[in-house]
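Source file: data.cif (mmCIF, C-alpha atoms and all ligand atoms)
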```
data_structure
#
loop_
_atom_site.label_atom_id
_atom_site.label_comp_id
_atom_site.auth_asym_id
_atom_site.auth_seq_id
_atom_site.Cartn_x
_atom_site.Cartn_y
_atom_site.Cartn_z
CA MET A 286 -9.72 103.73 23.17
CA ARG A 287 -10.44 101.52 20.22
CA PRO A 288 -13.89 99.84 20.40
CA THR A 289 -13.66 96.08 20.45
CA VAL A 290 -14.28 94.42 17.12
CA ALA A 291 -17.68 92.77 16.99
CA PRO A 292 -17.53 89.02 16.43
CA MET A 293 -18.85 87.15 13.39
CA PRO A 294 -21.25 87.69 11.78
CA ALA A 295 -21.57 91.39 12.75
CA THR A 296 -18.03 91.81 11.52
CA ARG A 297 -17.13 90.24 8.21
CA LEU A 298 -14.00 92.04 7.07
CA ARG A 299 -14.37 90.49 3.60
CA ARG A 300 -17.47 92.63 2.87
CA MET A 301 -15.33 95.67 2.07
CA ARG A 302 -12.85 93.57 0.09
CA ARG A 303 -15.47 92.08 -2.23
CA THR A 304 -15.15 94.25 -5.36
CA PRO A 305 -12.56 96.62 -6.84
CA ALA A 306 -14.90 99.58 -6.12
CA LEU A 307 -15.28 98.69 -2.45
CA ARG A 308 -11.56 98.07 -2.10
CA ALA A 309 -10.84 101.45 -3.68
CA LEU A 310 -13.12 103.14 -1.14
CA ALA A 311 -11.50 101.30 1.78
CA GLN A 312 -7.92 101.94 0.67
CA GLU A 313 -6.14 103.86 3.45
CA VAL A 314 -3.13 105.35 1.68
CA ARG A 315 -2.28 106.00 -1.95
CA LEU A 316 0.92 106.27 -3.88
CA SER A 317 1.19 109.08 -6.37
CA THR A 318 3.88 110.22 -8.79
CA ALA A 319 4.22 113.25 -6.48
CA ASP A 320 5.71 110.95 -3.82
CA LEU A 321 8.73 109.98 -5.88
CA ILE A 322 12.32 111.19 -5.82
CA TRP A 323 14.48 109.53 -8.45
CA PRO A 324 18.17 108.94 -7.57
CA VAL A 325 20.41 109.19 -10.67
CA PHE A 326 24.12 108.66 -11.34
CA VAL A 327 26.15 111.07 -13.45
CA ARG A 328 29.62 110.73 -14.97
CA GLU A 329 31.97 112.56 -17.33
CA GLY A 330 31.69 112.44 -21.10
CA GLU A 331 29.06 112.76 -23.77
CA GLY A 332 26.54 110.27 -25.05
CA ILE A 333 27.57 107.79 -22.37
CA ARG A 334 25.19 105.30 -20.80
CA GLU A 335 27.09 102.85 -18.62
CA PRO A 336 25.15 100.08 -16.87
CA VAL A 337 25.76 99.47 -13.17
CA ALA A 338 26.27 95.70 -13.02
CA SER A 339 24.78 95.20 -9.55
CA MET A 340 21.74 97.40 -10.33
CA PRO A 341 20.14 95.99 -13.50
CA GLY A 342 18.25 98.76 -15.30
CA VAL A 343 20.25 101.57 -13.65
CA ASP A 344 22.91 103.43 -15.64
CA ARG A 345 25.57 106.04 -15.05
CA LEU A 346 24.82 108.78 -17.55
CA SER A 347 26.81 111.65 -18.99
CA VAL A 348 25.22 115.04 -18.35
CA ASP A 349 23.63 115.32 -21.82
CA LEU A 350 21.83 111.97 -21.52
CA LEU A 351 20.92 112.65 -17.89
CA VAL A 352 19.15 115.87 -18.85
CA GLY A 353 17.08 113.92 -21.41
CA GLU A 354 16.12 111.38 -18.74
CA VAL A 355 15.10 114.10 -16.30
CA GLU A 356 12.95 115.69 -19.01
CA ARG A 357 11.21 112.33 -19.40
CA ALA A 358 10.83 112.03 -15.63
CA ALA A 359 9.21 115.47 -15.50
CA LYS A 360 6.69 114.40 -18.16
CA LEU A 361 5.88 111.38 -16.00
CA GLY A 362 5.08 113.69 -13.08
CA ILE A 363 8.16 112.92 -10.95
CA PRO A 364 8.79 116.09 -8.91
CA ALA A 365 12.43 115.57 -7.94
CA VAL A 366 15.68 113.85 -8.79
CA CYS A 367 18.71 113.25 -6.56
CA VAL A 368 22.09 113.53 -8.28
CA PHE A 369 24.99 111.23 -7.36
CA PRO A 370 28.38 111.59 -9.04
CA TYR A 371 30.77 108.96 -10.32
CA THR A 372 34.00 110.94 -9.94
CA ASP A 373 36.96 110.35 -12.22
CA PRO A 374 39.41 108.22 -10.15
CA VAL A 375 42.27 110.72 -10.66
CA LEU A 376 40.18 113.37 -8.84
CA ARG A 377 39.73 111.23 -5.71
CA THR A 378 42.14 112.35 -3.01
CA GLU A 379 42.62 112.09 0.74
CA THR A 380 41.72 115.78 1.05
CA CYS A 381 38.62 115.58 -1.18
CA GLU A 382 38.79 119.12 -2.65
CA GLU A 383 36.92 118.01 -5.76
CA ALA A 384 33.85 117.74 -3.49
CA TRP A 385 33.45 121.53 -3.34
CA ASN A 386 34.69 122.34 -6.84
CA PRO A 387 31.85 124.48 -8.29
CA ASP A 388 32.45 122.74 -11.62
CA ASN A 389 32.64 119.16 -10.44
CA ILE A 390 30.50 116.66 -12.31
CA ALA A 391 27.64 116.79 -9.79
CA ASN A 392 27.45 120.59 -9.85
CA ARG A 393 27.59 120.69 -13.65
CA ALA A 394 24.73 118.19 -13.72
CA ILE A 395 22.69 120.30 -11.28
CA ARG A 396 23.18 123.41 -13.45
CA ALA A 397 22.30 121.56 -16.65
CA ILE A 398 19.14 120.06 -15.16
CA LYS A 399 17.96 123.39 -13.67
CA ALA A 400 18.58 125.10 -17.03
CA ALA A 401 16.66 122.51 -19.06
CA VAL A 402 13.91 121.44 -16.63
CA PRO A 403 13.61 124.14 -13.96
CA GLU A 404 10.33 122.75 -12.64
CA VAL A 405 12.02 119.57 -11.41
CA ALA A 406 13.46 119.91 -7.90
CA VAL A 407 17.09 118.89 -7.74
CA MET A 408 18.33 117.19 -4.60
CA THR A 409 22.00 116.58 -3.86
CA ASP A 410 24.11 114.30 -1.73
CA ILE A 411 26.52 115.83 0.76
CA ALA A 412 29.25 113.41 1.83
CA LEU A 413 32.86 112.97 0.80
CA ASP A 414 32.76 109.33 -0.35
CA PRO A 415 32.54 109.89 -4.14
CA TYR A 416 35.62 112.13 -3.89
CA ASN A 417 37.62 110.35 -1.21
CA ALA A 418 40.63 108.16 -2.04
CA ASN A 419 39.58 105.83 0.78
CA GLY A 420 35.84 105.71 0.13
CA HIS A 421 34.77 107.20 3.47
CA ASP A 422 32.19 109.94 3.96
CA GLY A 423 34.64 111.94 6.05
CA LEU A 424 38.30 112.89 6.19
CA VAL A 425 40.44 110.12 7.65
CA ARG A 426 43.55 110.57 9.80
CA ASP A 427 45.36 107.58 11.30
CA GLY A 428 42.33 105.43 10.63
CA VAL A 429 39.95 107.80 12.44
CA ILE A 430 37.09 109.61 10.66
CA LEU A 431 37.47 113.26 11.66
CA ASN A 432 34.17 114.90 12.59
CA ASP A 433 34.70 118.66 12.85
CA GLU A 434 37.24 118.93 10.00
CA THR A 435 34.82 116.99 7.80
CA VAL A 436 31.95 119.33 8.69
CA GLU A 437 34.00 122.25 7.31
CA CYS A 438 34.35 120.36 4.02
CA LEU A 439 30.63 119.57 3.97
CA VAL A 440 29.78 123.25 4.41
CA ARG A 441 31.92 124.13 1.37
CA MET A 442 30.22 121.34 -0.56
CA ALA A 443 26.78 122.60 0.44
CA LEU A 444 27.57 126.15 -0.67
CA ALA A 445 28.88 124.93 -4.04
CA GLN A 446 25.71 122.86 -4.60
CA ALA A 447 23.44 125.72 -3.54
CA GLY A 448 25.39 127.98 -5.89
CA ALA A 449 24.81 125.51 -8.72
CA GLY A 450 21.06 125.85 -8.14
CA ALA A 451 20.18 122.83 -6.01
CA ASP A 452 16.73 123.01 -4.39
CA ILE A 453 17.29 120.44 -1.65
CA LEU A 454 20.58 119.51 -0.01
CA GLY A 455 20.90 115.97 1.32
CA PRO A 456 23.64 115.58 3.92
CA SER A 457 24.21 111.80 4.05
CA ASP A 458 27.52 111.78 5.88
CA MET A 459 26.30 111.31 9.48
CA MET A 460 28.90 113.65 11.03
CA ASP A 461 27.67 115.43 14.18
CA GLY A 462 26.76 119.09 13.87
CA ARG A 463 26.69 119.29 10.09
CA ILE A 464 23.08 120.38 9.74
CA GLY A 465 23.57 123.41 12.00
CA ALA A 466 26.83 124.36 10.29
CA ILE A 467 25.31 124.04 6.80
CA ARG A 468 22.16 125.92 7.77
CA GLN A 469 24.17 128.79 9.24
CA ALA A 470 26.39 129.03 6.16
CA LEU A 471 23.40 128.98 3.81
CA GLU A 472 21.78 131.84 5.74
CA ALA A 473 25.01 133.83 5.76
CA GLN A 474 25.74 133.31 2.06
CA GLY A 475 22.37 134.29 0.60
CA HIS A 476 20.87 130.82 0.24
CA LYS A 477 18.18 131.12 2.89
CA ASP A 478 15.56 129.31 0.80
CA VAL A 479 17.57 126.19 0.05
CA ALA A 480 16.03 123.22 1.86
CA ILE A 481 17.88 120.57 3.82
CA LEU A 482 16.60 117.01 3.77
CA SER A 483 18.80 115.40 6.38
CA TYR A 484 19.73 111.75 6.12
CA ALA A 485 19.15 111.77 9.86
CA ALA A 486 18.40 108.12 10.55
CA LYS A 487 21.00 106.50 8.36
CA TYR A 488 22.06 103.02 9.33
CA ALA A 489 25.38 101.21 8.87
CA SER A 490 23.88 98.91 6.26
CA ALA A 491 25.01 96.15 3.93
CA PHE A 492 22.29 97.26 1.54
CA TYR A 493 24.42 100.14 0.18
CA GLY A 494 26.74 97.71 -1.62
CA PRO A 495 25.47 98.24 -5.20
CA PHE A 496 25.44 102.05 -4.73
CA ARG A 497 29.10 101.96 -3.75
CA ASP A 498 29.76 100.14 -7.04
CA ALA A 499 27.76 102.80 -8.89
CA VAL A 500 29.81 105.70 -7.49
CA GLY A 501 33.04 103.70 -7.57
CA ALA A 502 33.59 103.68 -3.82
CA SER A 503 33.36 99.98 -2.92
CA ALA A 504 36.83 98.87 -4.00
CA ARG A 505 38.33 101.88 -2.23
CA LEU A 506 36.47 101.63 1.07
CA VAL A 507 38.82 100.78 3.91
CA GLY A 508 36.96 99.25 6.86
CA ASP A 509 33.32 100.08 7.50
CA LYS A 510 31.16 103.08 8.43
CA LYS A 511 30.08 101.93 11.89
CA THR A 512 31.72 104.83 13.74
CA TYR A 513 29.31 107.29 12.07
CA GLN A 514 26.26 105.41 10.77
CA ILE A 515 23.66 103.98 13.19
CA ASP A 516 23.68 100.40 14.49
CA PRO A 517 20.78 98.49 12.85
CA ALA A 518 19.77 97.30 16.32
CA ASN A 519 18.95 100.85 17.51
CA GLY A 520 15.65 102.71 17.27
CA ASP A 521 15.76 105.29 20.08
CA GLU A 522 19.08 106.54 18.76
CA ALA A 523 17.48 107.27 15.38
CA ILE A 524 14.79 109.34 17.10
CA ARG A 525 17.48 111.34 18.92
CA ALA A 526 19.33 111.91 15.65
CA VAL A 527 16.16 113.16 13.94
CA GLU A 528 15.31 115.45 16.87
CA ARG A 529 18.82 116.90 16.85
CA ASP A 530 18.85 117.50 13.06
CA LEU A 531 15.44 119.20 13.18
CA ALA A 532 16.66 121.46 15.98
CA GLU A 533 19.69 122.39 13.88
CA GLY A 534 17.59 123.43 10.89
CA ALA A 535 16.64 120.42 8.77
CA ASP A 536 13.41 120.97 6.80
CA ALA A 537 12.76 117.29 6.28
CA VAL A 538 14.33 114.04 7.39
CA MET A 539 15.13 110.68 5.92
CA VAL A 540 15.22 107.11 7.11
CA LYS A 541 17.64 104.89 5.23
CA PRO A 542 17.56 102.05 4.17
CA GLY A 543 13.82 101.76 3.67
CA LEU A 544 12.01 98.45 3.82
CA PRO A 545 13.95 96.94 6.76
CA TYR A 546 13.39 100.19 8.72
CA LEU A 547 9.68 100.92 8.29
CA ASP A 548 9.25 100.87 12.07
CA ILE A 549 11.64 103.83 12.25
CA CYS A 550 9.66 105.69 9.54
CA ARG A 551 6.49 105.28 11.57
CA ARG A 552 8.15 106.38 14.83
CA VAL A 553 9.66 109.45 13.19
CA LYS A 554 6.37 110.51 11.61
CA ASP A 555 4.37 109.93 14.80
CA THR A 556 6.93 111.62 17.04
CA PHE A 557 7.69 114.76 15.02
CA GLY A 558 5.02 115.13 12.32
CA VAL A 559 7.58 116.56 9.90
CA PRO A 560 8.13 115.78 6.21
CA THR A 561 9.51 112.25 6.37
CA PHE A 562 11.20 110.43 3.53
CA ALA A 563 12.60 106.95 3.12
CA TYR A 564 15.33 105.79 0.80
CA GLN A 565 14.68 102.43 -0.82
CA VAL A 566 18.39 101.86 -1.31
CA SER A 567 20.45 100.14 -3.96
CA GLY A 568 20.56 96.74 -2.24
CA GLU A 569 16.79 96.70 -1.82
CA TYR A 570 16.43 97.58 -5.50
CA ALA A 571 18.97 94.90 -6.49
CA MET A 572 17.19 92.18 -4.50
CA LEU A 573 13.78 93.02 -5.91
CA ARG A 574 15.05 93.60 -9.43
CA GLN A 575 17.02 90.39 -9.71
CA ALA A 576 14.13 88.32 -8.38
CA GLN A 577 11.87 90.08 -10.89
CA LEU A 578 14.29 89.40 -13.76
CA ASN A 579 14.50 85.75 -12.73
CA GLY A 580 10.73 85.56 -12.93
CA TRP A 581 10.50 84.65 -9.26
CA ILE A 582 8.22 87.53 -8.33
CA ASP A 583 5.89 89.65 -10.45
CA ALA A 584 7.80 92.79 -11.43
CA GLU A 585 4.98 95.34 -11.44
CA LYS A 586 3.19 94.03 -8.37
CA SER A 587 6.29 93.66 -6.23
CA THR A 588 7.54 97.13 -7.19
CA MET A 589 4.25 98.81 -6.34
CA GLU A 590 3.73 96.81 -3.14
CA SER A 591 7.20 97.75 -1.94
CA LEU A 592 6.38 101.44 -2.48
CA ILE A 593 2.88 101.58 -0.98
CA CYS A 594 4.33 100.10 2.24
CA PHE A 595 6.31 103.32 2.73
CA LYS A 596 3.10 105.34 2.57
CA ARG A 597 1.46 103.05 5.09
CA ALA A 598 4.47 103.54 7.38
CA GLY A 599 3.88 107.30 7.33
CA CYS A 600 6.37 108.48 4.71
CA ASP A 601 5.59 111.56 2.63
CA GLY A 602 7.89 110.47 -0.15
CA ILE A 603 10.31 107.79 -1.28
CA LEU A 604 13.68 107.88 -2.97
CA THR A 605 13.58 104.91 -5.28
CA TYR A 606 15.38 103.65 -8.37
CA PHE A 607 11.97 102.34 -9.47
CA ALA A 608 10.61 105.91 -9.77
CA PRO A 609 10.20 106.06 -13.58
CA GLU A 610 8.62 102.61 -13.72
CA ALA A 611 6.30 103.32 -10.83
CA ALA A 612 5.30 106.65 -12.38
CA ARG A 613 4.50 104.95 -15.68
CA LEU A 614 2.30 102.41 -13.90
CA LEU A 615 0.56 105.10 -11.83
CA ASN A 616 -0.09 107.18 -14.95
CA ALA A 617 -1.61 104.10 -16.59
CA GLY A 618 -4.10 103.89 -13.71
CA TRP A 619 -2.41 101.31 -11.48
CA ARG A 620 -4.43 100.11 -8.51
C1 LIG A 701 26.95 108.35 0.59
C2 LIG A 701 25.69 107.67 0.32
C3 LIG A 701 25.43 106.30 0.33
C4 LIG A 701 24.14 106.14 -0.17
C5 LIG A 701 23.62 107.42 -0.41
N1 LIG A 701 24.58 108.34 -0.08
C6 LIG A 701 26.31 105.15 0.62
C7 LIG A 701 26.98 104.98 1.91
O1 LIG A 701 26.69 105.65 2.90
O2 LIG A 701 27.87 104.15 1.94
C8 LIG A 701 23.48 104.82 -0.42
C9 LIG A 701 22.36 104.82 -1.41
C10 LIG A 701 21.99 103.47 -1.92
O3 LIG A 701 22.51 102.42 -1.47
O4 LIG A 701 21.15 103.43 -2.83
N2 LIG A 701 27.21 108.82 1.81
#
```
Could you render the structure as structure tokens?
Ligand code: PBG
Amino acid sequence: MRPTVAPMPATRLRRMRRTPALRALAQEVRLSTADLIWPVFVREGEGIREPVASMPGVDRLSVDLLVGEVERAAKLGIPAVCVFPYTDPVLRTETCEEAWNPDNIANRAIRAIKAAVPEVAVMTDIALDPYNANGHDGLVRDGVILNDETVECLVRMALAQAGAGADILGPSDMMDGRIGAIRQALEAQGHKDVAILSYAAKYASAFYGPFRDAVGASARLVGDKKTYQIDPANGDEAIRAVERDLAEGADAVMVKPGLPYLDICRRVKDTFGVPTFAYQVSGEYAMLRQAQLNGWIDAEKSTMESLICFKRAGCDGILTYFAPEAARLLNAGWR
């Protein structure tokens, strides 16, 4: 039991807030560059840097420029990047075979990054949406997202990414049974040390809008993703999903989106005590960024406040488009 707080004047909470030194001592959690995973977008070509309109400051990069950016990220102390592909529209089909092509743009990017900057961990995304003619994460037949057939595709995708040298696989598709199927295939195919960070508590969210622009899936998406992503009203269901994915062989789990779901982060950490990550998604970035650009909120302070909140909520790390900026500020001694 918590002792009752003594009344004034025995308790004056402002005593420990009085100076920067006292506040530093009383600070409960800290953000470090080691907490950051930087999501990046890759596309075909050479020397190409293509801005994503709904994500000011975020670009789709060709592999050569991406490798340069990851080298810079490594120098900033960012331990990991997460690669998302913008697939050439002609390669998007209803059957999605480009998703497990060992030489698709994502897999080429993984190989190039591991060759140039092996110390940076490369995370992937496993879902069919960047390769699907209809923008869904799974195969669609007669308007229904097929679970088990999709899982077979995801397994092929996982093996191709592991073969390309990925360190962490990130299944973000929300099909049932995919973690177990992927884990089994990795064990069987000689990839026993490849980690799985499951997007376990992934909500059917409006905050993915700018990301779908970035990977070219928004105009294609028919309907919504509510038959596979979690209802934003549900918390217990997220806990069940995390428990299930851990039992199937996930090494770490993710809550997504981030800021509107900090209660879920805390519940996951307290319930399971496993490596817990949050994804501060594209729409969260866009809201903060645009308000910053308009001068409505302080850019540095709002970025760093948004990130420290994830640590307070129990997260071990954060996927954030602000990673390079946050790392620069941390390296400059941000408090
Ligand atoms: C694909 C995927 C999505 C995101 C990551 N992986 C979009 C979606 O599920 O529609 C969103 C990331 C972001 O918004 O930054 N399955």
Please build the interface table for chain A against ligand LIG 701 (chain A) with a cut-off of 7 Å, listing for each qualifying residue the nearest atom pair and the distance in Å to one decimal; count all atoms listed in the file, order rows by chain and increasing number, and write it as JSON lines.
```
{"residue": "A:Asp410", "atom": "CA", "partner": "A:LIG701", "partner_atom": "N1", "distance": 6.2}
{"residue": "A:Ala412", "atom": "CA", "partner": "A:LIG701", "partner_atom": "N2", "distance": 5.0}
{"residue": "A:Asp414", "atom": "CA", "partner": "A:LIG701", "partner_atom": "C1", "distance": 6.0}
{"residue": "A:Asp422", "atom": "CA", "partner": "A:LIG701", "partner_atom": "N2", "distance": 5.5}
{"residue": "A:Ser457", "atom": "CA", "partner": "A:LIG701", "partner_atom": "N2", "distance": 4.8}
{"residue": "A:Asp458", "atom": "CA", "partner": "A:LIG701", "partner_atom": "N2", "distance": 5.0}
{"residue": "A:Phe492", "atom": "CA", "partner": "A:LIG701", "partner_atom": "O3", "distance": 6.0}
{"residue": "A:Tyr493", "atom": "CA", "partner": "A:LIG701", "partner_atom": "O3", "distance": 3.4}
{"residue": "A:Gly494", "atom": "CA", "partner": "A:LIG701", "partner_atom": "O3", "distance": 6.3}
{"residue": "A:Pro495", "atom": "CA", "partner": "A:LIG701", "partner_atom": "O3", "distance": 6.3}
{"residue": "A:Phe496", "atom": "CA", "partner": "A:LIG701", "partner_atom": "O3", "distance": 4.4}
{"residue": "A:Arg497", "atom": "CA", "partner": "A:LIG701", "partner_atom": "C6", "distance": 6.1}
{"residue": "A:Gln565", "atom": "CA", "partner": "A:LIG701", "partner_atom": "O4", "distance": 6.8}
{"residue": "A:Val566", "atom": "CA", "partner": "A:LIG701", "partner_atom": "O4", "distance": 3.5}
{"residue": "A:Ser567", "atom": "CA", "partner": "A:LIG701", "partner_atom": "O4", "distance": 3.5}
{"residue": "A:Gly568", "atom": "CA", "partner": "A:LIG701", "partner_atom": "O3", "distance": 6.1}
```
One-decimal distance in Å that lies between CA of Tyr484 (chain A) and CA of Leu454 (chain A): 9.9 Å
Local residues around (8.6, 113.7, 8.7), at most 12 Å away, using all atoms listed in the file, as a ChimeraX atom specification: /A:482-486,524,527-528,530-531,535-540,549-563,596,598-603
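Taking CA of Ala397 (chain A) as the reference point, CA of Thr378 (chain A) is found at 25.8 Å.
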Can I get the residues of region 471-501 of chain A within 9 Å of region 363-373 of chain A, each with the closest pair of atoms and their distance in Å to one decimal, using only C-alpha atoms, sorted chain first then ascending number, as JSON lines?
```
{"residue": "A:Ala499", "atom": "CA", "partner": "A:Tyr371", "partner_atom": "CA", "distance": 7.0}
{"residue": "A:Val500", "atom": "CA", "partner": "A:Tyr371", "partner_atom": "CA", "distance": 4.4}
{"residue": "A:Gly501", "atom": "CA", "partner": "A:Tyr371", "partner_atom": "CA", "distance": 6.4}
```
Please complete region 462-471 of chain A with all heavy atoms and give it back as an mmCIF file, keeping the file's coordinate frame.
```
data_model
loop_
_atom_site.group_PDB
_atom_site.id
_atom_site.type_symbol
_atom_site.label_atom_id
_atom_site.label_comp_id
_atom_site.auth_asym_id
_atom_site.auth_seq_id
_atom_site.Cartn_x
_atom_site.Cartn_y
_atom_site.Cartn_z
ATOM 1 N N GLY A 462 26.709 117.638 13.961
ATOM 2 C CA GLY A 462 26.760 119.090 13.870
ATOM 3 C C GLY A 462 26.735 119.643 12.458
ATOM 4 O O GLY A 462 26.797 120.852 12.252
ATOM 5 N N ARG A 463 26.596 118.765 11.462
ATOM 6 C CA ARG A 463 26.690 119.290 10.090
ATOM 7 C C ARG A 463 25.458 120.040 9.664
ATOM 8 O O ARG A 463 25.556 121.001 8.881
ATOM 9 C CB ARG A 463 27.078 118.192 9.094
ATOM 10 C CG ARG A 463 25.931 117.423 8.479
ATOM 11 C CD ARG A 463 25.506 116.250 9.331
ATOM 12 N NE ARG A 463 24.885 115.253 8.446
ATOM 13 C CZ ARG A 463 23.808 114.555 8.728
ATOM 14 N NH1 ARG A 463 23.189 114.740 9.891
ATOM 15 N NH2 ARG A 463 23.322 113.677 7.892
ATOM 16 N N ILE A 464 24.291 119.681 10.178
ATOM 17 C CA ILE A 464 23.080 120.380 9.740
ATOM 18 C C ILE A 464 23.122 121.838 10.207
ATOM 19 O O ILE A 464 22.877 122.762 9.422
ATOM 20 C CB ILE A 464 21.810 119.675 10.280
ATOM 21 C CG1 ILE A 464 21.734 118.234 9.777
ATOM 22 C CG2 ILE A 464 20.547 120.462 9.894
ATOM 23 C CD1 ILE A 464 21.670 118.060 8.276
ATOM 24 N N GLY A 465 23.483 122.040 11.477
ATOM 25 C CA GLY A 465 23.570 123.410 12.000
ATOM 26 C C GLY A 465 24.603 124.230 11.247
ATOM 27 O O GLY A 465 24.363 125.388 10.894
ATOM 28 N N ALA A 466 25.759 123.637 10.986
ATOM 29 C CA ALA A 466 26.830 124.360 10.290
ATOM 30 C C ALA A 466 26.403 124.714 8.866
ATOM 31 O O ALA A 466 26.632 125.834 8.394
ATOM 32 C CB ALA A 466 28.102 123.504 10.274
ATOM 33 N N ILE A 467 25.754 123.784 8.188
ATOM 34 C CA ILE A 467 25.310 124.040 6.800
ATOM 35 C C ILE A 467 24.205 125.090 6.799
ATOM 36 O O ILE A 467 24.216 126.031 5.999
ATOM 37 C CB ILE A 467 24.842 122.727 6.126
ATOM 38 C CG1 ILE A 467 26.029 121.796 5.891
ATOM 39 C CG2 ILE A 467 24.110 123.021 4.820
ATOM 40 C CD1 ILE A 467 25.649 120.384 5.458
ATOM 41 N N ARG A 468 23.273 124.966 7.725
ATOM 42 C CA ARG A 468 22.160 125.920 7.770
ATOM 43 C C ARG A 468 22.666 127.341 8.009
ATOM 44 O O ARG A 468 22.252 128.289 7.337
ATOM 45 C CB ARG A 468 21.157 125.496 8.860
ATOM 46 C CG ARG A 468 20.033 126.459 9.117
ATOM 47 C CD ARG A 468 19.247 126.823 7.860
ATOM 48 N NE ARG A 468 18.382 125.764 7.373
ATOM 49 C CZ ARG A 468 18.085 125.579 6.082
ATOM 50 N NH1 ARG A 468 18.587 126.373 5.141
ATOM 51 N NH2 ARG A 468 17.286 124.612 5.699
ATOM 52 N N GLN A 469 23.606 127.483 8.928
ATOM 53 C CA GLN A 469 24.170 128.790 9.240
ATOM 54 C C GLN A 469 24.873 129.383 8.024
ATOM 55 O O GLN A 469 24.702 130.557 7.697
ATOM 56 C CB GLN A 469 25.213 128.632 10.345
ATOM 57 C CG GLN A 469 24.953 129.470 11.566
ATOM 58 C CD GLN A 469 26.110 129.318 12.551
ATOM 59 O OE1 GLN A 469 26.737 128.260 12.646
ATOM 60 N NE2 GLN A 469 26.389 130.384 13.269
ATOM 61 N N ALA A 470 25.652 128.555 7.334
ATOM 62 C CA ALA A 470 26.390 129.030 6.160
ATOM 63 C C ALA A 470 25.427 129.422 5.035
ATOM 64 O O ALA A 470 25.625 130.435 4.358
ATOM 65 C CB ALA A 470 27.363 127.953 5.679
ATOM 66 N N LEU A 471 24.374 128.657 4.862
ATOM 67 C CA LEU A 471 23.400 128.980 3.810
ATOM 68 C C LEU A 471 22.753 130.339 4.098
ATOM 69 O O LEU A 471 22.588 131.173 3.202
ATOM 70 C CB LEU A 471 22.318 127.900 3.715
ATOM 71 C CG LEU A 471 22.747 126.530 3.172
ATOM 72 C CD1 LEU A 471 21.616 125.526 3.332
ATOM 73 C CD2 LEU A 471 23.195 126.608 1.716
#
```
